[in-house]
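Visitor: The structure that follows is given in the form of structure tokens.
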Amino acid sequence: MDAIKRSIHKFGGSSLADATCYRRVLAIISEHTQARDLIVVSAAGKTTNQLLELLQLAADGDQAASERLIATCEYQAKLIAELLADDLCIQLTAALQDDIHTIGHLLEAHLDVYAKNQILAHGEVWSARLLAALLSQSELPANDLDSRLFLTTELAAQPVVDEMVSRQKLTACLANLHNRVVVTGFIAADGQQRTITLGRNGSDYSATLLGALVDAEQTTIWSDVAGIFSADPRRVKDAELQTKLSLDEAAELARLGSPVLHARTLQPVVESKQHVQLRCSYTPSEGSTQIHRRLPKGKGAKIVTSIDDLHLVDIQFDQHADYQQQYNQLITLLAQQQLSPICIKRRPTEHVVRLGYTAEIVEFALTTLQTYQLQQPQILAINLLSGFCMVALVGSGVTENALQSHQFYQLISEHNLTFVQTGDNRLSICAVLQKVVLEPLLKELHTALFKQPKRIGVVLFGKGNIGAGWLSLFAKQMHKVPEQQNVELCLCGVYGSQGGLLDFNGLDAATVLDDFQPEAFVWEQLLSNLALHPFDELVIIDITASEAISYYYPEFAQHGFHLISANKFAGAASSEFYNRVKQSFSDNESHWLYNATVGAGLPIQSSMEMLQHSGDQVTAVSGIFSGTLSWLFQQYDGQIAFSQLVEQAWQQGLTEPDPREDLSGKDVQRKLLILSREAGYDMELSDIKLESLVSAELMAFNVDEFLEHCEALDDKILHMFNKAKKQGLVLRYVARFSRKAGAQVGLEFLEPTHPFANLLPCDNIFSINSHWYRHNPLVIQGPGAGRDVTAGAIQSDLFQLCKLLAR
């Protein structure tokens with residue numbers, strides 16, 4: 001196609017039902033489309049049904065046919081009169097009258113299938129013409145385009161469009177059209193320009209097909225619902241919108257006869273670049289379903305779907321025929337004719353295969369099968385059976401979810417069950433039942449499957465000081481989360497520097513604290529074991545200071561795990577790795593929470609996120625980010641050697657095991673990088689100037705050697721202290737980032753009254769400037785390190801994650 005970037009927007013009949021709906025669509029097009037986007041439309045309201053009724057009345061010789069035609073004309077004329085003014089109104093009204101005369105002449109002649117299709121096509125033509133005129137009248141120039149001019153196919157039960165020819169014709173059609181183009185859905189033409197319809201609900205297929213032909217990046221299907229729900233919201237009131245589905249899951253749902261997503265809609269999507277979005281034209285801000293081009297990942301059903309009127313076709317093969325060969329030939333034929341059944345029950349011992357079809361397709365399938373029977377003497381009989389319905393579960397992992405499968409079988413077994421089929425792709429389980437009123441069963445299934453507490457497994461890495469604090473807190477708090485979030489938490493893994501334990505039946509946090517007997521493990525094997533977890537979701541908690549563990553973050557995301565981290569390495573890694581981690585979690589619909597990486601339990605990142613989301617922009621961040629350095633410089637008065645204070649802090653557990661992690665300023669540097677990135681700035685660690693308190697010589701020692709020689713720190717610190725004192729100032733270790741001045745970490749002289757100068761021992765302080773907090777910064781102060789507050793920050797993140805996962 002051409003190099004022009006286009007998006008497709010499709011509006012169904014319910015979105016164009018009256019003048020108010022048309023104006024609503026006008027507003028959507030104005031806000032959500034660009035010039036040269038393509039807009040596909042169905043026939044307005046019930047127009048197609050009215051034209052079908054007209055054809056039936058004409059075929060029956062009923063005098064009411066003329067009344068039906070007049071009523072259809074009046075409905076269209078009323079839309080024109082309410083929406084258009086002056087010359088446009090006159091022009092479209094005259095064109096409508098010409099069309100009504102054409103339909104009248106066609107009705108008087110012999111109506112073959114092509115003439116019927118030509119009459120039906122008027123619904124889409126009227127919609128496209130009217131919407132294009134309304135857009136142009138509203139200063140959004142638009143052209144209407146009849147899809148019969150480019151979509152090329154031949155008459156069939158499920159016509160297959162010749163994409164190569166259609167693409168060439170469409171390129172020619174669009175060559176001289178520089179505005180938005182409103183295209184008719186549902187209709188195409190054969191080589192003789194006779195009208196072919198693409199089947200009921202064929203406009204959605206037209207839209208995604210058009211998207212494939214123009215290499216669109218996005219196709220949005222607007223209808224009267226916001227997208228795909230966990231069940232039909234008209235039947236199950238507490239059904240929830242599925243905001244994201246994989247393409248495979250959506251295709252399986254469509255194959256099973258979804259009323260929202262039709263069987264052929266996604267066929268053009270598979271081999272094109274486009275993404276598909278489903279939205280509601282009545283309430284555009286209500287939400288949407290995004291269909292993503294990614295591998296399906298999940299642990300069970302997401303959707304309960306159903307068909308009220310299912311028909312079964314039994315095919316009896318000769319007892320002496322090769323059953324498998326006959327079956328394969330039959331399924332291949334049906335696939336070629338776009339007539340693959342929704343469900344299949346094989347009965348090889350009886351030489352019978354049973355096929356399930358919707359009422360819309362069954363007659364086409366039956367005709368095709370009867371024609372095939374004339375060529376295949378091995379087919380002895382074809383019998384049509386009616387009076388059935390179908391209920392199905394759809395979702396990645398549903399066939400491996402033992403609990404959901406058991407609940408499904410239990411509930412459907414109370415009805416007259418005909419057969420159950422598991423999808424070949426393991427994305428569905430469907431049950432065919434003798435016809436029942438489905439609402440009670442759907443509600444019961446939905447409640448049993450989706451309203452039960454979500455089971456969340458938790459694996460901890462880092463059973464050190466803070467890890468032990470979190471385990472103690474978790475043991476006290478774990479029962480409170482399920483009460484508030486409708487989730488069930490299970491601590492199933494704990495790992496420390498000596499190894500760990502993994503038990504999907506659950507570990508007792510108190511027991512692990514008192515009697516931890518770790519086993520050695522290999523990372524690759526552990527990841528494989530974790531991938532086999534039985535929970536609805538798995539959460540990894542990383543409280544280590546291990547750079548090596550952070551390298552596994554993308555793999556955690558790829559397995560669908562969620563992550564809570566106090567480990568700073570990923571947040572302060574190179575932009576390439578940091579962005580890869582963020583993108584991995586986004587692509588796999590997993591969450592990464594890391595509020596404990598800066599400020600422990602202080603709400604630093606959450607406050608910055610709130611500012612960003614509210615439309616503000618953070619312009620500067622500064623403060624004292626190290627509890628260790630805060631304590632050291634609050635205590636230091638020049639009388640006691642700085643090295644002695646360092647040793648005291650180390651003995652009291654106020655420093656990292658290696659005090660140089662604090663004294664080098666690298667920990668503060670990482671925190672400042674994390675916050676600058678949270679503020680939306682693309683930075684590297686090397687962009688932050690660092691003043692280390694530790695010389696290169698001291699950095700070369702091991703920890704014990706450093707502690708023996710750390711008096712080498714004293715002269716520099718005393719010199720800086722005395723210099724500040726002479727000026728009436730105090731010495732503090734400060735981190736600063738400014739959009740204009742850049743970023744640096746190091747010693748500063750401050751006024752004794754400065755907010756950074758008078759902190760409680762071990763306190764952190766963060767000062768945030770933004771457009772709203774330009775002259776009076778937002779200041780957050782409190783304990784920024786320590787076992788209890790850091791454990792509390794981890795627990796808070798776990799609580800927030802449970803809220804997200806319980807939706």
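In the structure tokens, each chain is lettered A, B, ... as it comes, each chain's residues begin at 1, and ligands are numbered from 1 in order of appearance.
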So which residues touch Gln267 (chain A) within 9 Å, counting only C-alpha atoms, skipping near sequence neighbours fewer than 2 positions away, as a VMD selection string?
Guide: chain A and resid 205 208 to 209 251 263 to 265 269 to 271
Visitor: As a PyMOL selection string, please: the residues near region 568-585 of chain A (cut-off 12 Å, only C-alpha atoms, same-chain neighbours under 4 positions excluded).
Guide: chain A and resi 294+542-564+589-600+666-678+681-688
Visitor: I need the residues from that last selection saved to file as an mmCIF file, in the first residue's frame (with C-alpha atoms), if you can.
Guide:
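File written: selection_24.cif
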```
data_model
loop_
_atom_site.group_PDB
_atom_site.id
_atom_site.type_symbol
_atom_site.label_atom_id
_atom_site.label_comp_id
_atom_site.auth_asym_id
_atom_site.auth_seq_id
_atom_site.Cartn_x
_atom_site.Cartn_y
_atom_site.Cartn_z
ATOM 1 C CA ARG A 294 1.430 -11.695 21.999
ATOM 2 C CA ASP A 542 13.437 -9.192 45.958
ATOM 3 C CA ILE A 543 14.885 -7.664 49.145
ATOM 4 C CA THR A 544 18.464 -8.501 48.184
ATOM 5 C CA ALA A 545 21.245 -6.166 47.146
ATOM 6 C CA SER A 546 22.176 -8.625 44.409
ATOM 7 C CA GLU A 547 22.919 -7.286 40.945
ATOM 8 C CA ALA A 548 22.846 -10.879 39.642
ATOM 9 C CA ILE A 549 19.216 -11.382 40.664
ATOM 10 C CA SER A 550 18.191 -8.163 38.906
ATOM 11 C CA TYR A 551 19.390 -9.670 35.604
ATOM 12 C CA TYR A 552 16.566 -12.214 35.905
ATOM 13 C CA TYR A 553 13.843 -9.551 36.051
ATOM 14 C CA PRO A 554 12.984 -9.792 32.313
ATOM 15 C CA GLU A 555 12.622 -13.573 32.698
ATOM 16 C CA PHE A 556 10.308 -13.078 35.677
ATOM 17 C CA ALA A 557 8.128 -10.895 33.438
ATOM 18 C CA GLN A 558 8.217 -13.349 30.531
ATOM 19 C CA HIS A 559 6.930 -16.087 32.844
ATOM 20 C CA GLY A 560 4.065 -13.790 33.872
ATOM 21 C CA PHE A 561 5.376 -13.287 37.431
ATOM 22 C CA HIS A 562 4.862 -9.993 39.258
ATOM 23 C CA LEU A 563 7.755 -8.323 41.089
ATOM 24 C CA ILE A 564 8.162 -6.226 44.234
ATOM 25 C CA GLU A 589 0.850 -7.603 31.569
ATOM 26 C CA SER A 590 2.763 -8.083 34.795
ATOM 27 C CA HIS A 591 3.448 -5.513 37.487
ATOM 28 C CA TRP A 592 6.761 -4.249 38.890
ATOM 29 C CA LEU A 593 6.479 -2.243 42.125
ATOM 30 C CA TYR A 594 9.623 -0.822 43.679
ATOM 31 C CA ASN A 595 8.585 1.882 46.138
ATOM 32 C CA ALA A 596 11.004 0.462 48.740
ATOM 33 C CA THR A 597 14.061 1.233 46.593
ATOM 34 C CA VAL A 598 14.111 4.879 47.695
ATOM 35 C CA GLY A 599 13.149 6.163 51.124
ATOM 36 C CA ALA A 600 12.066 2.765 52.476
ATOM 37 C CA LYS A 666 26.913 5.075 45.113
ATOM 38 C CA ASP A 667 23.747 4.122 46.988
ATOM 39 C CA VAL A 668 22.633 7.763 47.022
ATOM 40 C CA GLN A 669 23.597 8.094 43.358
ATOM 41 C CA ARG A 670 21.391 5.110 42.441
ATOM 42 C CA LYS A 671 18.469 6.534 44.405
ATOM 43 C CA LEU A 672 18.780 9.891 42.657
ATOM 44 C CA LEU A 673 18.840 8.149 39.266
ATOM 45 C CA ILE A 674 15.713 6.152 40.125
ATOM 46 C CA LEU A 675 13.858 9.323 41.164
ATOM 47 C CA SER A 676 14.957 11.292 38.093
ATOM 48 C CA ARG A 677 13.687 8.472 35.884
ATOM 49 C CA GLU A 678 10.435 8.381 37.839
ATOM 50 C CA TYR A 681 13.928 12.095 32.565
ATOM 51 C CA ASP A 682 16.116 9.800 30.476
ATOM 52 C CA MET A 683 19.338 9.590 32.451
ATOM 53 C CA GLU A 684 22.291 7.315 33.086
ATOM 54 C CA LEU A 685 24.251 6.809 36.297
ATOM 55 C CA SER A 686 27.232 8.489 34.617
ATOM 56 C CA ASP A 687 25.152 11.677 34.224
ATOM 57 C CA ILE A 688 25.223 12.166 38.006
#
```
Visitor: Which one of A:Thr283, A:Leu473, A:Leu385, A:Ala359 sits closest to Asp314 (chain A) if you count only C-alpha atoms?
Guide: A:Leu385
Visitor: For Ala157 (chain A), which residue out of A:His110, A:Gln337, A:Pro659, A:Gln56 is the nearest one, using only C-alpha atoms?
Guide: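 Checking each of A:His110, A:Gln337, A:Pro659, A:Gln56 against Ala157 (chain A), counting only C-alpha atoms, the winner is A:Gln337.
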Visitor: Can you pull out every residue within 8 Å of Glu691 (chain A), counting only C-alpha atoms, but drop anything in the same chain fewer than 6 positions away, and send it as a PyMOL selection string?
Guide: chain A and resi 664-665+745-747
Visitor: CA of Asp162 (chain A) to CA of Leu334 (chain A): how many Å, to one decimal?
Guide: 18.9 Å
Visitor: If we count only C-alpha atoms and set the cut-off at 9 Å, which residues sit around Glu711 (chain A), ignoring sequence neighbours fewer than 5 positions away in its own chain? Please answer as a ChimeraX atom specification.
Guide: /A:641-644
Visitor: Output N, CA and C atoms for every residue in that selection, as an mmCIF file, in the first residue's frame.
Guide:
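part35.cif, freshly written:
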```
data_model
loop_
_atom_site.group_PDB
_atom_site.id
_atom_site.type_symbol
_atom_site.label_atom_id
_atom_site.label_comp_id
_atom_site.auth_asym_id
_atom_site.auth_seq_id
_atom_site.Cartn_x
_atom_site.Cartn_y
_atom_site.Cartn_z
ATOM 1 N N ALA A 641 36.743 11.297 66.048
ATOM 2 C CA ALA A 641 37.175 11.012 64.674
ATOM 3 C C ALA A 641 36.028 10.429 63.860
ATOM 4 N N PHE A 642 35.942 10.875 62.627
ATOM 5 C CA PHE A 642 34.881 10.389 61.739
ATOM 6 C C PHE A 642 34.937 8.865 61.597
ATOM 7 N N SER A 643 36.140 8.311 61.565
ATOM 8 C CA SER A 643 36.284 6.854 61.413
ATOM 9 C C SER A 643 35.703 6.106 62.601
ATOM 10 N N GLN A 644 35.762 6.730 63.796
ATOM 11 C CA GLN A 644 35.173 6.096 64.970
ATOM 12 C C GLN A 644 33.645 6.051 64.850
#
```
Visitor: How would you write, as a ChimeraX atom specification, the set of residues in region 221-350 of chain A that DSSP gives as helix (DSSP H, G or I)?
Guide: /A:247-255,267-270,323-336,348-350
